[in-house]
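Student: Sending over target.pdb (PDB, C-alpha atoms).
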ATOM      1  CA  MET A   1    -154.133  20.975  -4.425
ATOM      2  CA  ASN A   2    -156.280  17.889  -3.722
ATOM      3  CA  ILE A   3    -159.996  17.897  -4.262
ATOM      4  CA  GLU A   4    -161.795  15.975  -1.561
ATOM      5  CA  GLU A   5    -165.175  14.417  -1.930
ATOM      6  CA  PRO A   6    -167.731  16.752  -0.345
ATOM      7  CA  THR A   7    -170.092  15.596   2.372
ATOM      8  CA  PHE A   8    -173.462  17.190   2.911
ATOM      9  CA  LYS A   9    -176.006  17.201   5.703
ATOM     10  CA  LYS A  10    -179.047  15.212   4.860
ATOM     11  CA  VAL A  11    -182.275  17.091   5.212
ATOM     12  CA  MET A  12    -185.725  16.306   4.242
ATOM     13  CA  ARG A  13    -185.997  15.642   0.518
ATOM     14  CA  GLY A  14    -182.247  15.166  -0.051
ATOM     15  CA  TYR A  15    -179.152  17.263   0.745
ATOM     16  CA  ASP A  16    -178.941  20.769   2.122
ATOM     17  CA  ILE A  17    -179.177  22.984  -0.966
ATOM     18  CA  GLU A  18    -176.994  25.788   0.474
ATOM     19  CA  GLU A  19    -174.192  23.343   1.329
ATOM     20  CA  VAL A  20    -174.386  21.829  -2.166
ATOM     21  CA  LYS A  21    -174.248  25.305  -3.769
ATOM     22  CA  GLN A  22    -171.334  26.328  -1.539
ATOM     23  CA  SER A  23    -169.472  23.102  -2.340
ATOM     24  CA  TRP A  24    -170.211  23.570  -6.029
ATOM     25  CA  ALA A  25    -168.799  27.128  -5.880
ATOM     26  CA  GLU A  26    -165.653  25.919  -4.063
ATOM     27  CA  MET A  27    -165.134  23.166  -6.640
ATOM     28  CA  SER A  28    -165.626  25.648  -9.480
ATOM     29  CA  GLN A  29    -163.027  27.953  -7.914
ATOM     30  CA  ILE A  30    -160.552  25.063  -7.472
ATOM     31  CA  ILE A  31    -161.072  23.957 -11.075
ATOM     32  CA  ALA A  32    -160.691  27.552 -12.313
ATOM     33  CA  ASN A  33    -157.430  27.891 -10.336
ATOM     34  CA  GLN A  34    -156.158  24.598 -11.716
ATOM     35  CA  ASN A  35    -157.090  25.663 -15.259
ATOM     36  CA  ALA A  36    -155.273  28.987 -14.771
ATOM     37  CA  THR A  37    -152.216  27.108 -13.451
ATOM     38  CA  ASN A  38    -152.343  24.745 -16.457
ATOM     39  CA  VAL A  39    -152.534  27.684 -18.870
ATOM     40  CA  GLU A  40    -149.588  29.327 -17.094
ATOM     41  CA  LEU A  41    -147.536  26.112 -17.252
ATOM     42  CA  LYS A  42    -148.365  25.662 -20.956
ATOM     43  CA  LEU A  43    -147.198  29.229 -21.603
ATOM     44  CA  GLN A  44    -143.976  28.502 -19.713
ATOM     45  CA  ILE A  45    -143.467  25.289 -21.713
ATOM     46  CA  ASN A  46    -144.017  27.159 -24.982
ATOM     47  CA  SER A  47    -141.591  29.840 -23.852
ATOM     48  CA  LEU A  48    -138.985  27.209 -22.972
ATOM     49  CA  LYS A  49    -139.545  25.523 -26.341
ATOM     50  CA  GLU A  50    -138.906  28.845 -28.059
ATOM     51  CA  GLN A  51    -135.769  29.372 -25.973
ATOM     52  CA  ASN A  52    -134.656  25.853 -26.823
ATOM     53  CA  ALA A  53    -135.149  26.559 -30.533
ATOM     54  CA  GLU A  54    -133.212  29.803 -30.170
ATOM     55  CA  TRP A  55    -130.334  28.006 -28.410
ATOM     56  CA  GLU A  56    -130.355  25.349 -31.116
ATOM     57  CA  ASN A  57    -130.051  28.080 -33.731
ATOM     58  CA  ARG A  58    -127.169  29.623 -31.812
ATOM     59  CA  VAL A  59    -125.407  26.276 -31.497
ATOM     60  CA  ASN A  60    -125.854  25.717 -35.228
ATOM     61  CA  ASP A  61    -124.431  29.189 -35.864
ATOM     62  CA  TYR A  62    -121.431  28.373 -33.642
ATOM     63  CA  ILE A  63    -120.946  25.079 -35.456
ATOM     64  CA  LYS A  64    -120.978  26.942 -38.779
ATOM     65  CA  MET A  65    -118.510  29.495 -37.365
ATOM     66  CA  GLU A  66    -116.263  26.671 -36.214
ATOM     67  CA  THR A  67    -116.389  25.089 -39.675
ATOM     68  CA  ASP A  68    -115.676  28.434 -41.321
ATOM     69  CA  LEU A  69    -112.769  29.063 -38.947
ATOM     70  CA  ARG A  70    -111.382  25.589 -39.558
ATOM     71  CA  ASP A  71    -111.612  26.193 -43.314
ATOM     72  CA  ALA A  72    -109.966  29.604 -42.881
ATOM     73  CA  VAL A  73    -107.131  28.095 -40.844
ATOM     74  CA  ILE A  74    -106.571  25.360 -43.435
ATOM     75  CA  SER A  75    -106.671  27.923 -46.224
ATOM     76  CA  SER A  76    -104.250  30.175 -44.341
ATOM     77  CA  GLN A  77    -101.882  27.281 -43.789
ATOM     78  CA  ARG A  78    -102.036  26.413 -47.480
ATOM     79  CA  ILE A  79    -101.415  30.037 -48.476
ATOM     80  CA  ALA A  80     -98.549  30.304 -45.998
ATOM     81  CA  LYS A  81     -96.971  27.136 -47.360
ATOM     82  CA  GLN A  82     -97.374  28.366 -50.935
ATOM     83  CA  ALA A  83     -95.918  31.745 -49.992
ATOM     84  CA  GLN A  84     -92.972  30.047 -48.342
ATOM     85  CA  GLU A  85     -92.363  27.791 -51.349
ATOM     86  CA  THR A  86     -92.680  30.748 -53.719
ATOM     87  CA  ALA A  87     -90.326  32.809 -51.610
ATOM     88  CA  GLU A  88     -87.813  29.981 -51.511
ATOM     89  CA  GLN A  89     -88.086  29.444 -55.274
ATOM     90  CA  LYS A  90     -87.677  33.155 -55.964
ATOM     91  CA  ALA A  91     -84.740  33.310 -53.590
ATOM     92  CA  GLU A  92     -83.121  30.327 -55.291
ATOM     93  CA  GLU A  93     -83.733  31.812 -58.737
ATOM     94  CA  ILE A  94     -82.363  35.198 -57.713
ATOM     95  CA  LEU A  95     -79.306  33.637 -56.106
ATOM     96  CA  ALA A  96     -78.673  31.447 -59.156
ATOM     97  CA  THR A  97     -79.011  34.424 -61.496
ATOM     98  CA  ALA A  98     -76.750  36.515 -59.312
ATOM     99  CA  GLN A  99     -74.190  33.743 -59.161
ATOM    100  CA  ALA A 100     -74.290  33.200 -62.963
ATOM    101  CA  GLU A 101     -73.875  36.895 -63.617
ATOM    102  CA  ALA A 102     -71.063  37.117 -61.075
ATOM    103  CA  ASP A 103     -69.241  34.242 -62.772
ATOM    104  CA  SER A 104     -69.686  35.658 -66.281
ATOM    105  CA  ILE A 105     -68.778  39.259 -65.562
ATOM    106  CA  LEU A 106     -65.280  40.327 -64.657
ATOM    107  CA  ASN A 107     -63.781  43.069 -62.500
ATOM    108  CA  GLY A 108     -66.195  46.096 -62.543
ATOM    109  CA  ILE A 109     -69.349  44.037 -63.018
ATOM    110  CA  GLN A 110     -68.448  41.902 -60.000
ATOM    111  CA  GLU A 111     -69.603  44.727 -57.677
ATOM    112  CA  GLU A 112     -72.969  44.791 -59.464
ATOM    113  CA  ALA A 113     -73.360  41.044 -58.910
ATOM    114  CA  LEU A 114     -72.629  41.451 -55.189
ATOM    115  CA  LYS A 115     -75.215  44.214 -54.990
ATOM    116  CA  ARG A 116     -77.842  41.982 -56.589
ATOM    117  CA  GLU A 117     -76.986  39.165 -54.226
ATOM    118  CA  GLU A 118     -77.497  41.513 -51.259
ATOM    119  CA  ASP A 119     -80.841  42.625 -52.739
ATOM    120  CA  SER A 120     -81.848  38.983 -53.056
ATOM    121  CA  ILE A 121     -80.991  38.268 -49.444
ATOM    122  CA  ARG A 122     -82.944  41.341 -48.303
ATOM    123  CA  HIS A 123     -85.907  40.203 -50.410
ATOM    124  CA  LEU A 124     -85.665  36.749 -48.859
ATOM    125  CA  GLU A 125     -85.567  38.242 -45.361
ATOM    126  CA  GLU A 126     -88.620  40.377 -46.145
ATOM    127  CA  ASN A 127     -90.437  37.293 -47.401
ATOM    128  CA  GLN A 128     -89.431  35.426 -44.268
ATOM    129  CA  ALA A 129     -90.783  38.312 -42.171
ATOM    130  CA  LYS A 130     -94.035  38.138 -44.143
ATOM    131  CA  LEU A 131     -94.125  34.401 -43.563
ATOM    132  CA  ALA A 132     -93.623  34.936 -39.826
ATOM    133  CA  ASP A 133     -96.544  37.408 -39.890
ATOM    134  CA  LEU A 134     -98.694  34.806 -41.656
ATOM    135  CA  GLU A 135     -97.750  32.213 -39.032
ATOM    136  CA  ASN A 136     -98.744  34.657 -36.275
ATOM    137  CA  GLN A 137    -102.093  35.214 -37.993
ATOM    138  CA  ILE A 138    -102.609  31.446 -38.173
ATOM    139  CA  PHE A 139    -101.903  31.099 -34.443
ATOM    140  CA  GLU A 140    -104.387  33.898 -33.751
ATOM    141  CA  LEU A 141    -107.018  32.120 -35.880
ATOM    142  CA  ILE A 142    -106.374  28.902 -33.977
ATOM    143  CA  SER A 143    -106.777  30.764 -30.689
ATOM    144  CA  ILE A 144    -110.063  32.286 -31.866
ATOM    145  CA  HIS A 145    -111.177  28.861 -33.050
ATOM    146  CA  ASN A 146    -110.440  27.334 -29.634
ATOM    147  CA  LYS A 147    -112.348  30.114 -27.867
ATOM    148  CA  GLN A 148    -115.342  29.611 -30.175
ATOM    149  CA  LYS A 149    -115.166  25.886 -29.543
ATOM    150  CA  GLN A 150    -115.273  26.506 -25.769
ATOM    151  CA  LYS A 151    -118.301  28.761 -26.236
ATOM    152  CA  VAL A 152    -120.022  26.050 -28.272
ATOM    153  CA  GLU A 153    -119.284  23.492 -25.541
ATOM    154  CA  LYS A 154    -120.679  25.825 -22.867
ATOM    155  CA  THR A 155    -123.753  26.486 -25.016
ATOM    156  CA  SER A 156    -124.233  22.748 -25.534
ATOM    157  CA  ALA A 157    -124.053  22.157 -21.774
ATOM    158  CA  LEU A 158    -126.607  24.910 -21.194
ATOM    159  CA  LEU A 159    -128.857  23.446 -23.872
ATOM    160  CA  LYS A 160    -128.703  20.051 -22.146
ATOM    161  CA  THR A 161    -129.623  21.682 -18.832
ATOM    162  CA  ILE A 162    -132.612  23.377 -20.472
ATOM    163  CA  GLN A 163    -133.677  20.121 -22.092
ATOM    164  CA  ASN A 164    -133.465  18.323 -18.741
ATOM    165  CA  SER A 165    -135.537  21.065 -17.119
ATOM    166  CA  LEU A 166    -138.123  20.793 -19.897
ATOM    167  CA  GLN A 167    -138.263  17.052 -19.460
ATOM    168  CA  GLU A 168    -138.775  17.451 -15.699
ATOM    169  CA  LEU A 169    -141.595  19.927 -16.342
ATOM    170  CA  LEU A 170    -143.173  17.560 -18.851
ATOM    171  CA  ASP A 171    -142.847  14.679 -16.390
ATOM    172  CA  LEU A 172    -144.476  16.793 -13.665
ATOM    173  CA  ASP A 173    -147.261  17.768 -16.080
ATOM    174  CA  GLU A 174    -147.927  14.100 -16.887
ATOM    175  CA  GLU A 175    -148.201  13.275 -13.192
TER     176      GLU A 175
END
Rewrite the structure of this file - the entire thing - as C-alpha cells.

Tutor:
Amino acid sequence: MNIEEPTFKKVMRGYDIEEVKQSWAEMSQIIANQNATNVELKLQINSLKEQNAEWENRVNDYIKMETDLRDAVISSQRIAKQAQETAEQKAEEILATAQAEADSILNGIQEEALKREEDSIRHLEENQAKLADLENQIFELISIHNKQKQKVEKTSALLKTIQNSLQELLDLDEE
C-alpha cells in the first residue's frame, strides 16, 4: 500500500482543518495497518525459524540414526564373520577329532566314529543355517539404512525449500 502526499485546500489562515484531521486519521490508519502487517510477518518469520530449527533437529537425529545403523551393520558383519570362522574352526576340529578316533579305534568303535562325524556335519549345517540367518538380518539392516538415508535426503530437500522461502520473505521484508 503506497502512501501518497496529501493535498489540502487552502483557506484563510492556512489549510482546511477538517481535511488535515481527516488526512491525519487516514495516515494513522494506514500506519496502524502496516504495523499490524509487520507484526504478523515477524510472527510468521519466528514461526518459520522455529520450524527450521525443528527440521534441523530432525535431520541431525536422522544423521545419528544413519551413523548408528552403519555401525550396527559393520558390527553385524564382523559378528557374522567371526561366527563363520568359529563355526569353520569347530567343524574342522570336530572332523579332525572324529577322523583321529576313527583311525585309532577298530571294528565296533568305528560305528561310534561315524556317528560323531554325522553329528559334526549336522552341527556345521546348523551353524551354516545360523550364518544364513545372520546374513539375512544384515541385508534387512542395509535395507532399513537405505530407507532412512532416503528419508534424510527428502528432509534435507524440504529444509532447503524452507530456507529458500525464508530468504525470499527476508528479501521481501528488506524491500

Student: Pick the closest to Leu159 (chain A) from A:Leu141, A:Ala80, A:Leu48, A:Ala36: which is it, counting only C-alpha atoms?

Tutor: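 Looking only at the distances to Leu159 (chain A), the closest residue turns out to be A:Leu48.
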
Student: Using all atoms listed in the file, which residues sit within 8 Å of Leu166 (chain A) once same-chain residues fewer than 3 positions away are excluded, as a list of chain:residue names?

Tutor: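 Skipping anything fewer than 3 positions along the chain leaves A:Ile45, A:Leu48, A:Ile162, A:Gln163, A:Leu169, A:Leu170.
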
Student: On this structure, the PyMOL selection byres ((chain A and resi 151) around 12) would catch which residues? List them as a PDB file with C-alpha atoms, in the frame of the given file, sorted by chain and number.

Tutor:
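Saved to part22.pdb:
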ATOM      1  CA  ARG A  58    -127.169  29.623 -31.812  1.00  0.00           C
ATOM      2  CA  VAL A  59    -125.407  26.276 -31.497  1.00  0.00           C
ATOM      3  CA  ASP A  61    -124.431  29.189 -35.864  1.00  0.00           C
ATOM      4  CA  TYR A  62    -121.431  28.373 -33.642  1.00  0.00           C
ATOM      5  CA  ILE A  63    -120.946  25.079 -35.456  1.00  0.00           C
ATOM      6  CA  MET A  65    -118.510  29.495 -37.365  1.00  0.00           C
ATOM      7  CA  GLU A  66    -116.263  26.671 -36.214  1.00  0.00           C
ATOM      8  CA  ILE A 144    -110.063  32.286 -31.866  1.00  0.00           C
ATOM      9  CA  HIS A 145    -111.177  28.861 -33.050  1.00  0.00           C
ATOM     10  CA  ASN A 146    -110.440  27.334 -29.634  1.00  0.00           C
ATOM     11  CA  LYS A 147    -112.348  30.114 -27.867  1.00  0.00           C
ATOM     12  CA  GLN A 148    -115.342  29.611 -30.175  1.00  0.00           C
ATOM     13  CA  LYS A 149    -115.166  25.886 -29.543  1.00  0.00           C
ATOM     14  CA  GLN A 150    -115.273  26.506 -25.769  1.00  0.00           C
ATOM     15  CA  VAL A 152    -120.022  26.050 -28.272  1.00  0.00           C
ATOM     16  CA  GLU A 153    -119.284  23.492 -25.541  1.00  0.00           C
ATOM     17  CA  LYS A 154    -120.679  25.825 -22.867  1.00  0.00           C
ATOM     18  CA  THR A 155    -123.753  26.486 -25.016  1.00  0.00           C
ATOM     19  CA  SER A 156    -124.233  22.748 -25.534  1.00  0.00           C
ATOM     20  CA  ALA A 157    -124.053  22.157 -21.774  1.00  0.00           C
ATOM     21  CA  LEU A 158    -126.607  24.910 -21.194  1.00  0.00           C
TER      22      LEU A 158
END

Student: With a distance cut-off of 8 Å and all atoms listed in the file, select the neighbouring residues of region 135-140 of chain A, excluding the residue or stretch itself and same-chain residues fewer than 6 positions from it, and output the selection as a list of chain:residue names.

Tutor: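 Contacts, in chain order: A:Val73, A:Ser76, A:Gln77, A:Ala80.
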
Student: Which residues come within 12 Å of Ala129 (chain A), counting all atoms listed in the file, excluding same-chain residues fewer than 5 positions away, as a list in words?

Tutor: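 Skipping anything fewer than 5 positions along the chain leaves Ala80, Ala83, Gln84, Ala87, Arg122, His123, Leu124, Leu134, Glu135 and Asn136 of chain A.
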
Student: As an exercise, work out the distance from CA of Glu92 (chain A) to CA of Ile121 (chain A) in Å and give it to one decimal place.

Tutor: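 Computing it gives 10.1 Å between the two atoms.
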
Student: Hey, which bits of region 12-89 of chain A sit within 12 Å of region 171-175 of chain A, and for each residue what's the closest pair of atoms and how far apart in Å (one decimal), counting only C-alpha atoms, rows by chain and increasing number, as a tab-separated table?

Tutor:
residue	atom	partner	partner_atom	distance
A:Thr37	CA	A:Asp173	CA	10.9
A:Asn38	CA	A:Asp173	CA	8.6
A:Val39	CA	A:Asp173	CA	11.6
A:Glu40	CA	A:Asp173	CA	11.8
A:Leu41	CA	A:Asp173	CA	8.4
A:Lys42	CA	A:Asp173	CA	9.3
A:Gln44	CA	A:Asp173	CA	11.8
A:Ile45	CA	A:Asp173	CA	10.1

Student: Counting only C-alpha atoms, figure out which residue out of A:Glu112, A:Lys160, A:Glu101, A:Ser143 gets nearest to Glu56 (chain A).

Tutor: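 For Glu56 (chain A), the nearest of the candidates is A:Lys160.
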
Student: State, in Å with one decimal place, the distance from CA of Glu88 (chain A) to CA of Asp71 (chain A).

Tutor: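 Taking CA of Glu88 (chain A) and CA of Asp71 (chain A), their separation equals 25.5 Å.
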
Student: Of the residues A:Thr86, A:Ser104, A:Gln128, A:Asn52, which is the one nearest to Ser165 (chain A), using all atoms listed in the file?

Tutor: A:Asn52

Student: Could you work out how far CA of Leu95 (chain A) lies from CA of Leu114 (chain A), giving the answer in Å with one decimal?

Tutor: 10.3 Å

Student: Out of A:Ile17, A:Gly108, A:Gln22, A:Lys81, which residue has the shortest atom-to-atom distance to Ala132 (chain A) when counting only C-alpha atoms?

Tutor: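 Once distances to Ala132 (chain A) are computed over only C-alpha atoms, the minimum belongs to A:Lys81.
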
Student: Just so I have it separately, write region 97-139 of chain A from the block I sent, keeping C-alpha atoms, as a PDB file, in the first residue's frame.

Tutor:
ATOM      1  CA  THR A  97      38.845 -85.493  16.224  1.00  0.00           C
ATOM      2  CA  ALA A  98      36.347 -87.798  14.579  1.00  0.00           C
ATOM      3  CA  GLN A  99      38.889 -88.847  11.992  1.00  0.00           C
ATOM      4  CA  ALA A 100      41.594 -89.479  14.644  1.00  0.00           C
ATOM      5  CA  GLU A 101      39.224 -91.541  16.736  1.00  0.00           C
ATOM      6  CA  ALA A 102      38.056 -93.462  13.676  1.00  0.00           C
ATOM      7  CA  ASP A 103      41.656 -94.281  12.762  1.00  0.00           C
ATOM      8  CA  SER A 104      42.607 -95.353  16.291  1.00  0.00           C
ATOM      9  CA  ILE A 105      39.572 -97.467  17.083  1.00  0.00           C
ATOM     10  CA  LEU A 106      38.878-100.745  15.361  1.00  0.00           C
ATOM     11  CA  ASN A 107      35.747-102.661  14.390  1.00  0.00           C
ATOM     12  CA  GLY A 108      32.971-101.821  16.955  1.00  0.00           C
ATOM     13  CA  ILE A 109      34.234 -98.322  17.721  1.00  0.00           C
ATOM     14  CA  GLN A 110      34.224 -97.473  14.012  1.00  0.00           C
ATOM     15  CA  GLU A 111      30.413 -97.060  14.134  1.00  0.00           C
ATOM     16  CA  GLU A 112      30.794 -94.586  17.008  1.00  0.00           C
ATOM     17  CA  ALA A 113      33.270 -92.547  14.956  1.00  0.00           C
ATOM     18  CA  LEU A 114      30.840 -92.431  12.018  1.00  0.00           C
ATOM     19  CA  LYS A 115      28.088 -91.269  14.349  1.00  0.00           C
ATOM     20  CA  ARG A 116      30.268 -88.440  15.646  1.00  0.00           C
ATOM     21  CA  GLU A 117      31.173 -87.430  12.123  1.00  0.00           C
ATOM     22  CA  GLU A 118      27.463 -87.222  11.242  1.00  0.00           C
ATOM     23  CA  ASP A 119      26.854 -85.128  14.381  1.00  0.00           C
ATOM     24  CA  SER A 120      29.658 -82.811  13.310  1.00  0.00           C
ATOM     25  CA  ILE A 121      28.185 -82.365   9.858  1.00  0.00           C
ATOM     26  CA  ARG A 122      24.745 -81.651  11.346  1.00  0.00           C
ATOM     27  CA  HIS A 123      26.325 -79.109  13.703  1.00  0.00           C
ATOM     28  CA  LEU A 124      28.093 -77.499  10.758  1.00  0.00           C
ATOM     29  CA  GLU A 125      24.840 -77.336   8.794  1.00  0.00           C
ATOM     30  CA  GLU A 126      23.077 -75.749  11.771  1.00  0.00           C
ATOM     31  CA  ASN A 127      25.863 -73.189  12.039  1.00  0.00           C
ATOM     32  CA  GLN A 128      25.597 -72.513   8.325  1.00  0.00           C
ATOM     33  CA  ALA A 129      21.837 -72.009   8.735  1.00  0.00           C
ATOM     34  CA  LYS A 130      22.536 -69.583  11.584  1.00  0.00           C
ATOM     35  CA  LEU A 131      25.048 -67.805   9.383  1.00  0.00           C
ATOM     36  CA  ALA A 132      22.466 -67.538   6.596  1.00  0.00           C
ATOM     37  CA  ASP A 133      20.031 -66.027   9.135  1.00  0.00           C
ATOM     38  CA  LEU A 134      22.692 -63.503  10.168  1.00  0.00           C
ATOM     39  CA  GLU A 135      23.281 -62.598   6.516  1.00  0.00           C
ATOM     40  CA  ASN A 136      19.531 -62.060   6.055  1.00  0.00           C
ATOM     41  CA  GLN A 137      19.494 -59.789   9.108  1.00  0.00           C
ATOM     42  CA  ILE A 138      22.408 -57.815   7.655  1.00  0.00           C
ATOM     43  CA  PHE A 139      20.550 -57.361   4.358  1.00  0.00           C
TER      44      PHE A 139
END
